[in-house]
Amino acid sequence: MADIAFLLIVFFMVTSTITVDRTVVDLPTSLERTEVPKDAAVVAIREDGAVFFSNGEEDSRLINPQDILPSAAFIMSKNSLKFFLIKADGDVEYQAIDQVMEQLRRASVRNIAMLTMQEGVG
């Protein structure tokens with residue numbers, strides 16, 4: 001019996017997924033599906049305008065929107081092909097998203113995607 005319990009524990013440890021960004025947002029829907037690497041850096045914007053940032057390896061942390069540029073530039077200096085994912089609440093004004101995208105562009109990020117909920121899923 002102890003062997004079975006041990007095997008179940010190992011099974012759940014191996015099959016569980018580890019996410020670096022746990023920011024809760026209500027995603028907009030989309031018909032298009034894009035595959036994103038699991039180690040993509042994430043910029044999450046909540047409905048209240050709070051911005052969270054993760055380099056794709058560490059948990060996301062609250063960040064000042066002006067600090068996105070230096071953080072992204074540092075990541076790009078290590079990996080110029082790094083993928084960035086913008087995870088914004090559906091009620092966030094586009095101006096806030098545009099400011100984040102501009103900061104990423106100024107940091108020479110070329111691989112940017114917007115996270116959406118696929119229509120019909122959820």
# chains A, B, ... in the order shown; residues from 1 in each chain; ligands from 1
>>> residues_around(residues="stretch 106-112 of chain A", least_positions_apart="4", cutoff="7 Å", atoms="only C-alpha atoms", output="PyMOL selection string")
chain A and resi 69+72-73+76+82-85+102
>>> residues_around(residues="stretch 39-50 of chain A", least_positions_apart="5", cutoff="9 Å", atoms="only C-alpha atoms", output="number ranges by chain")
A: 20-21, 23-26, 55-57, 60, 62-65, 68, 72, 75, 82-93, 96-97, 100
>>> atom_distance(atom1="atom CA of A:Val36", atom2="atom CA of A:Gln66")
25.0 Å
>>> atom_distance(atom1="atom CA of A:Val10", atom2="atom CA of A:Lys38")
22.0 Å
>>> closest_residue(among="A:Met1, A:Phe6, A:Ser71, A:Ser54", to="A:Leu104", atoms="only C-alpha atoms")
A:Ser71
>>> atom_distance(atom1="atom CA of A:Arg61", atom2="atom CA of A:Leu81")
22.4 Å
>>> select_by_dssp(residues="stretch 22-111 of chain A", states="strand (DSSP E or B)", output="ChimeraX atom specification")
/A:29-30,41-45,51-54,61-63,83-88,111
>>> select_by_dssp(residues="stretch 26-106 of chain A", states="alpha helix (DSSP H)", output="ChimeraX atom specification")
/A:68-78,94-106
